[in-house]
Structure formats: structure tokens, C-alpha cells
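Data first, discussion second: the structure below is written as C-alpha cells.
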Amino acid sequence: METRRNIKKELIESIGVIYERAGHTPMAGRVAGLLFLAEPPYKSFDQLVEELSASKSAVSNALNVLLAMGLIDYKTFHGDRKRYFKINVTGLDSILKKEIDNIRNLSELLNKVINNRSNQDQEFNAGIKKFICLLDIFYEEYPAIIEKWKKLKSD
């Protein structure tokens, strides 16, 4: 049982690191990690604070970020005033869609950058153009990837 608890803690920390690398707080990642691993698949605010050994303010801030992202949602139970937080599994693809939209926005912005740069550093400009090409491929291929995923999901 102790080994399973250690594995769970390691997974939570690993998810926290991934979220931190994506620009979020490690606590947001830890909260998400704990909710991905939760059985049943929801936790109250107090449970999150206790299981993560974290301050109430850190957990509260993390929950607000994750709610705004759409990664988590909450449910309530009749006669219980607490909110129970859970991963929004039906909305996971919408989070990816937002990221793909950000990729498109970055591509458009970098095109404007290229149009406003001189030809003085052609190697640098070429590197930006190659990156724009990669961003455009991601954006163009995304709908086909989602369709393939939806087909697999429905099988």
C-alpha cells in the first residue's frame, strides 16, 4: 500500500512539473494530478488541502486557474454545502482547441513580425519562417486529428 501511495505522489509531482513547464504554477499541476488520480473522481477543497499538504490560498488559486482553463469542474451533492472538484473529461478537447487557436494567433503575429523586419539577418528571418510553417502545419492538421480521435472514441 505504501508503494502505491509513493507512486501516486510521484505522479502528482510529475504532472505538477509538466504544468509548471507550460507556464502554470506547480500547485495547479498538483491539484490536476490529484484529481486525475482521485477515486472516486472528485475531491472537496478540504481534501485537496489535506492530501497535498498545501495552504488553503495555494489550493484556492490553483482551483481558480484550473476552473478558468476549463480543465476542472465541480459537482455538489444534495444536503452537502461543499463543492467537489473533478477533471472535466468532456472538455479536455476544448482545452486543446484553445491551444491550437493560440498557435494560429502566434503564426499570424510572427507573419506580421517578418513583414516588419529588414532583410539584414536573412538566416534569422528564415528560422522564423520555418517555425511559422510548423505552426501552420499544426493548425491545418488539427481538424483531421480530432476527427480521427472522435472516430476512435465512438468505436
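Chain lettering (A, B, ...) mirrors the order of the C-alpha cells, residue numbering begins at 1 for each chain separately, and ligand numbering begins at 1 in order of display.
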- Item | Contacts of range 99-111 of chain A within 7 Å, only C-alpha atoms, excl. fewer than 6 positions in-chain, as a PyMOL selection string | chain A and resi 132+135-136+139
- Can you pull out every residue within 10 Å of Thr90 in chain A, counting only C-alpha atoms, but drop anything in the same chain fewer than 4 positions away, and send it as a ChimeraX atom specification? /A:70-72,94
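Among the candidates A:Lys75, A:Lys130, A:Lys150, A:Lys43, the residue lying nearest to Asp93 in chain A is A:Lys150 (atoms considered: only C-alpha atoms).
Distance-wise, CA of Lys97 in chain A and CA of Phe131 in chain A end up 19.7 Å apart.
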- Go through range 6-57 of chain A and collect every residue that DSSP, computed from the backbone, puts in helix (DSSP H, G or I); the answer should be as a PyMOL selection string. chain A and resi 6-21+26-37+45-52+56-57
- Message: Given only C-alpha atoms as the basis, pick out the residue of A:Leu52, A:Met27, A:Asp46, A:Pro40 nearest to Lys9 in chain A.
- Response: A:Leu52
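Distance annotation: of A:Asn61, A:Ile87, A:Ile18, A:Arg81, the residue with the minimal separation from Ala38 in chain A is A:Ile87; atom set is only C-alpha atoms.
Proximity ranking of A:Pro143, A:Gly16, A:Gly23, A:Pro41 relative to Phe85 in chain A places A:Pro41 first, based on only C-alpha atoms.
Minimum atom-to-atom distances from A:Ser53, A:Asn125, A:Thr3, A:Gln47 to Lys112 in chain A were compared using only C-alpha atoms, and the lowest value belongs to A:Asn125.
For the atom pair formed by CA of Glu10 in chain A and CA of Leu35 in chain A, the distance is 14.0 Å, given to one decimal.
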- Item | Length of the CA of Lys151 in chain A to CA of Phe36 in chain A vector [Å] | 23.9 Å
- Message: Could you pull out the strand (DSSP E or B) residues of range 5-105 of chain A, going by DSSP on the backbone, and write them as a list in words?
- Response: Lys43, Ser44, Ile72, Asp73, Tyr74, Lys75, Thr76, Phe77, Asp80, Arg81, Lys82, Arg83, Tyr84, Phe85, Lys86 and Ile87 of chain A
